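What follows is a set of notes on a single structure, which appears directly below.
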Amino acid sequence: MKVYDTYIFDLYGTLIDIHTDESIDELWEELAAEYGKKGVVYTPAAIHEKYLEMVGQEEQDLAKATGFKYPEIRLDKVFTRLYNEGKKDDPVVTQTEISMDDPWIQQVALQFRETSRTRLDVYENTVSTLKKLKELGKKVYLLSNAQRCFTEPEMRQVGIWNLFDDIFISSDHEKKKPQPEFMEELLKKHHIDRDRAVMVGNDFTSDIRIALECDMESIFLNTDRHSEVEMKSLIAKQKAQKPSEKEVYIISSGDIKEIL
């Protein structure tokens, strides 16, 4: 495997093994109950429907405002709207709006995530590999499609928050992979030589694609156990959409330590 000066990692499915399920009834029952404690009345079905409606609205509005094909909203804004607009819909309740940074909103967001989450752990060799890269004098960055209100607590919980030179979470930047501006912002901020940097991830349509978009090499970690034929076909598909001479390396085992 080629040696680089800079390693830019995806998070979920690459460093962290996670599974969430937002379809479970318990999630929406708990969310409705939390808002009910604040005097904002929703049924579980109603809050589920309103949540999805607001997510769609926010994504459309952000895409229109930014011109990005791949915008990334802040879900804590949606949780805030559920409260503020729910207050307005109830003539009996005194209107007192709250902001996204309100501790209660952050608590609701975290509870939402924890209820939907069924698995959270780092992959074997994640921590040791990140530490080894730092020992070798490499720069290590995170470029993740994620929500800060979910992701920062999870990274702290599994012990990897402090292992990066910088952390780019898409909800902070209004765009997500494979929007090339997301990567370009990181490269520009830290004066990274793209010819001496590599993107490491487990997703062809986001991680590998953004590397191709930005004329960078990439490493595909096969944590989802694709077949060799399937991986080569998916790489060819991405290169057909964005022709590039840059290499896409494959770690078939999915073991991150093989990048060393």
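Following the order of the structure tokens, first chain is A, next is B, and so on, with residues numbered from 1 inside each chain and ligands from 1 in the order they appear.
Omitting Asp195 of chain A and its sequence neighbours fewer than 6 positions away, and counting only C-alpha atoms, the residues within 9 Å are Tyr4, Asp215, Met216 and Glu217 of chain A.
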Next, dump the selected residues to file, keeping only C-alpha atoms, as an mmCIF file, in the first residue's frame.
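Saved result, again24.cif, follows:
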```cif
data_model
loop_
_atom_site.group_PDB
_atom_site.id
_atom_site.type_symbol
_atom_site.label_atom_id
_atom_site.label_comp_id
_atom_site.auth_asym_id
_atom_site.auth_seq_id
_atom_site.Cartn_x
_atom_site.Cartn_y
_atom_site.Cartn_z
ATOM 1 C CA TYR A 4 0.741 9.178 2.218
ATOM 2 C CA ASP A 215 -8.655 14.255 -8.239
ATOM 3 C CA MET A 216 -7.392 12.276 -5.259
ATOM 4 C CA GLU A 217 -6.509 8.672 -4.572
#
```
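DSSP on the backbone gives strand (DSSP E) for these parts of segment 34-204 of chain A: Arg117, Thr118, Arg119, Leu120, Asp121, Val122, Lys139, Val140, Tyr141, Leu142, Leu143, Ser144, Asp166, Ile167, Phe168, Ile169, Ala197, Val198, Met199, Val200 and Gly201 of chain A.
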Residues of segment 61-175 of chain A at most 12 Å from segment 202-214 of chain A: nearest atom pair and distance in Å, only C-alpha atoms, as CSV:
```
residue,atom,partner,partner_atom,distance
A:Tyr70,CA,A:Ser206,CA,10.1
A:Leu142,CA,A:Asp207,CA,11.5
A:Leu143,CA,A:Asp207,CA,9.0
A:Ser144,CA,A:Asp207,CA,9.1
A:Asn145,CA,A:Ser206,CA,8.7
A:Lys175,CA,A:Ser206,CA,11.9
```
Q. Quick one: residues within 9 Å of segment 9-14 of chain A, only C-alpha atoms counted, chain neighbours fewer than 2 positions away excluded, as a count of residues only?
A. 27
Q. Which residues in segment 27-226 of chain A does DSSP call alpha helix (DSSP H)? List them as a VMD selection string.
A. chain A and resid 27 to 37 44 to 66 75 to 88 103 to 116 126 to 135 148 to 158 180 to 189 209 to 213
Could those residues be written to a file, using C-alpha atoms, as an mmCIF file, in the first residue's frame?
```cif
data_model
loop_
_atom_site.group_PDB
_atom_site.id
_atom_site.type_symbol
_atom_site.label_atom_id
_atom_site.label_comp_id
_atom_site.auth_asym_id
_atom_site.auth_seq_id
_atom_site.Cartn_x
_atom_site.Cartn_y
_atom_site.Cartn_z
ATOM 1 C CA LEU A 27 -38.674 5.972 18.863
ATOM 2 C CA TRP A 28 -41.689 8.085 17.937
ATOM 3 C CA GLU A 29 -43.558 7.242 21.137
ATOM 4 C CA GLU A 30 -40.621 8.510 23.212
ATOM 5 C CA LEU A 31 -40.221 11.618 21.067
ATOM 6 C CA ALA A 32 -43.898 12.504 21.368
ATOM 7 C CA ALA A 33 -43.702 11.971 25.119
ATOM 8 C CA GLU A 34 -40.701 14.328 25.441
ATOM 9 C CA TYR A 35 -42.501 17.105 23.613
ATOM 10 C CA GLY A 36 -45.606 16.432 25.683
ATOM 11 C CA LYS A 37 -43.605 17.145 28.841
ATOM 12 C CA PRO A 44 -46.407 9.315 17.768
ATOM 13 C CA ALA A 45 -47.773 9.076 14.223
ATOM 14 C CA ALA A 46 -48.184 12.847 13.935
ATOM 15 C CA ILE A 47 -44.675 13.688 15.133
ATOM 16 C CA HIS A 48 -43.207 11.064 12.801
ATOM 17 C CA GLU A 49 -45.067 12.544 9.840
ATOM 18 C CA LYS A 50 -44.168 16.125 10.809
ATOM 19 C CA TYR A 51 -40.514 15.218 11.292
ATOM 20 C CA LEU A 52 -40.253 13.704 7.816
ATOM 21 C CA GLU A 53 -42.092 16.656 6.303
ATOM 22 C CA MET A 54 -39.749 19.159 7.958
ATOM 23 C CA VAL A 55 -36.636 17.212 6.932
ATOM 24 C CA GLY A 56 -37.820 17.320 3.341
ATOM 25 C CA GLN A 57 -38.578 21.039 3.539
ATOM 26 C CA GLU A 58 -35.211 21.847 5.079
ATOM 27 C CA GLU A 59 -33.345 19.850 2.434
ATOM 28 C CA GLN A 60 -35.214 21.546 -0.414
ATOM 29 C CA ASP A 61 -34.687 25.005 1.057
ATOM 30 C CA LEU A 62 -30.972 24.424 1.648
ATOM 31 C CA ALA A 63 -30.431 23.007 -1.837
ATOM 32 C CA LYS A 64 -32.113 26.068 -3.310
ATOM 33 C CA ALA A 65 -30.161 28.500 -1.122
ATOM 34 C CA THR A 66 -26.734 26.930 -1.674
ATOM 35 C CA LEU A 75 -31.473 17.833 12.372
ATOM 36 C CA ASP A 76 -31.378 19.794 15.617
ATOM 37 C CA LYS A 77 -33.065 22.551 13.589
ATOM 38 C CA VAL A 78 -35.867 20.105 12.826
ATOM 39 C CA PHE A 79 -36.229 19.184 16.494
ATOM 40 C CA THR A 80 -36.373 22.908 17.268
ATOM 41 C CA ARG A 81 -39.048 23.527 14.650
ATOM 42 C CA LEU A 82 -41.111 20.655 16.061
ATOM 43 C CA TYR A 83 -41.164 22.520 19.356
ATOM 44 C CA ASN A 84 -41.619 26.098 18.160
ATOM 45 C CA GLU A 85 -44.211 25.355 15.501
ATOM 46 C CA GLY A 86 -46.020 22.946 17.788
ATOM 47 C CA LYS A 87 -46.341 25.775 20.294
ATOM 48 C CA LYS A 88 -47.806 28.058 17.649
ATOM 49 C CA PRO A 103 -29.820 22.148 26.131
ATOM 50 C CA TRP A 104 -33.261 20.535 25.929
ATOM 51 C CA ILE A 105 -33.074 20.329 22.133
ATOM 52 C CA GLN A 106 -29.638 18.727 22.324
ATOM 53 C CA GLN A 107 -30.947 16.279 24.920
ATOM 54 C CA VAL A 108 -33.901 15.371 22.692
ATOM 55 C CA ALA A 109 -31.607 14.845 19.705
ATOM 56 C CA LEU A 110 -29.306 12.578 21.707
ATOM 57 C CA GLN A 111 -32.216 10.563 23.116
ATOM 58 C CA PHE A 112 -33.627 10.187 19.603
ATOM 59 C CA ARG A 113 -30.317 8.789 18.397
ATOM 60 C CA GLU A 114 -29.803 6.475 21.355
ATOM 61 C CA THR A 115 -33.305 5.021 21.008
ATOM 62 C CA SER A 116 -32.867 4.357 17.297
ATOM 63 C CA THR A 126 -9.375 1.385 14.434
ATOM 64 C CA VAL A 127 -7.862 3.023 17.504
ATOM 65 C CA SER A 128 -4.445 1.399 17.161
ATOM 66 C CA THR A 129 -4.218 2.332 13.463
ATOM 67 C CA LEU A 130 -5.163 5.960 14.031
ATOM 68 C CA LYS A 131 -2.632 6.210 16.850
ATOM 69 C CA LYS A 132 0.067 4.563 14.734
ATOM 70 C CA LEU A 133 -0.498 7.039 11.904
ATOM 71 C CA LYS A 134 -0.042 9.889 14.374
ATOM 72 C CA GLU A 135 3.132 8.276 15.732
ATOM 73 C CA ARG A 148 -22.871 16.813 15.077
ATOM 74 C CA CYS A 149 -25.626 16.412 17.688
ATOM 75 C CA PHE A 150 -25.353 12.627 17.178
ATOM 76 C CA THR A 151 -21.753 12.158 16.128
ATOM 77 C CA GLU A 152 -19.702 14.066 18.661
ATOM 78 C CA PRO A 153 -21.216 12.160 21.633
ATOM 79 C CA GLU A 154 -20.748 8.855 19.805
ATOM 80 C CA MET A 155 -17.116 9.554 18.929
ATOM 81 C CA ARG A 156 -16.408 10.542 22.513
ATOM 82 C CA GLN A 157 -18.166 7.424 23.774
ATOM 83 C CA VAL A 158 -15.995 5.072 21.701
ATOM 84 C CA PRO A 180 -16.629 18.220 -3.969
ATOM 85 C CA GLU A 181 -16.714 21.547 -2.100
ATOM 86 C CA PHE A 182 -16.874 19.601 1.168
ATOM 87 C CA MET A 183 -13.478 18.015 0.542
ATOM 88 C CA GLU A 184 -12.058 21.164 -1.037
ATOM 89 C CA GLU A 185 -12.875 23.132 2.114
ATOM 90 C CA LEU A 186 -10.811 20.716 4.191
ATOM 91 C CA LEU A 187 -7.910 20.716 1.713
ATOM 92 C CA LYS A 188 -7.844 24.501 1.577
ATOM 93 C CA LYS A 189 -8.091 25.042 5.336
ATOM 94 C CA ARG A 209 -16.770 9.431 -5.532
ATOM 95 C CA ILE A 210 -15.637 12.575 -3.683
ATOM 96 C CA ALA A 211 -12.011 11.488 -4.053
ATOM 97 C CA LEU A 212 -12.517 11.102 -7.802
ATOM 98 C CA GLU A 213 -14.307 14.461 -7.937
#
```
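Distance check against Asp255 of chain A using only C-alpha atoms: of A:Ile219, A:Ile98, A:Ala197, A:Val40, the minimum falls on A:Ile219.
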Close residues, Glu174 of chain A itself excluded, 7 Å, only C-alpha atoms, min 2 positions apart in chain, as a PDB file with N, CA, C and O atoms, in the first residue's frame:
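Once written, around.pdb looks like this:
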```pdb
ATOM      1  N   PRO A  71     -26.885  18.758  -0.318  1.00  0.00           N
ATOM      2  CA  PRO A  71     -26.908  19.605   0.875  1.00  0.00           C
ATOM      3  C   PRO A  71     -27.015  18.750   2.131  1.00  0.00           C
ATOM      4  O   PRO A  71     -27.462  17.595   2.071  1.00  0.00           O
ATOM      5  N   GLU A  72     -26.604  19.304   3.260  1.00  0.00           N
ATOM      6  CA  GLU A  72     -26.758  18.614   4.548  1.00  0.00           C
ATOM      7  C   GLU A  72     -27.374  19.564   5.555  1.00  0.00           C
ATOM      8  O   GLU A  72     -26.794  20.590   5.897  1.00  0.00           O
ATOM      9  N   ILE A  73     -28.555  19.244   6.006  1.00  0.00           N
ATOM     10  CA  ILE A  73     -29.246  20.074   6.985  1.00  0.00           C
ATOM     11  C   ILE A  73     -28.781  19.729   8.392  1.00  0.00           C
ATOM     12  O   ILE A  73     -28.040  18.760   8.596  1.00  0.00           O
ATOM     13  N   SER A 170     -20.569  16.980   8.237  1.00  0.00           N
ATOM     14  CA  SER A 170     -21.324  17.619   7.158  1.00  0.00           C
ATOM     15  C   SER A 170     -22.399  18.585   7.636  1.00  0.00           C
ATOM     16  O   SER A 170     -22.649  19.613   6.996  1.00  0.00           O
ATOM     17  N   SER A 171     -23.028  18.307   8.762  1.00  0.00           N
ATOM     18  CA  SER A 171     -24.092  19.195   9.239  1.00  0.00           C
ATOM     19  C   SER A 171     -23.561  20.573   9.623  1.00  0.00           C
ATOM     20  O   SER A 171     -24.318  21.541   9.675  1.00  0.00           O
ATOM     21  N   ASP A 172     -22.251  20.673   9.873  1.00  0.00           N
ATOM     22  CA  ASP A 172     -21.635  21.968  10.183  1.00  0.00           C
ATOM     23  C   ASP A 172     -21.344  22.780   8.921  1.00  0.00           C
ATOM     24  O   ASP A 172     -21.066  23.979   9.007  1.00  0.00           O
TER      25      ASP A 172
END
```
(Q) Using Å and a single decimal, report how far atom CA of His173 of chain A sits from atom CA of Glu22 of chain A. (A) 24.0 Å
Q: Would you please work out which residue, of A:Arg119, A:Arg74, A:Lys38, A:Lys242, is nearest to Pro178 of chain A when using only C-alpha atoms?
A: A:Lys242
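You will find atom CA of Lys239 of chain A at 13.9 Å from atom CA of Phe220 of chain A.
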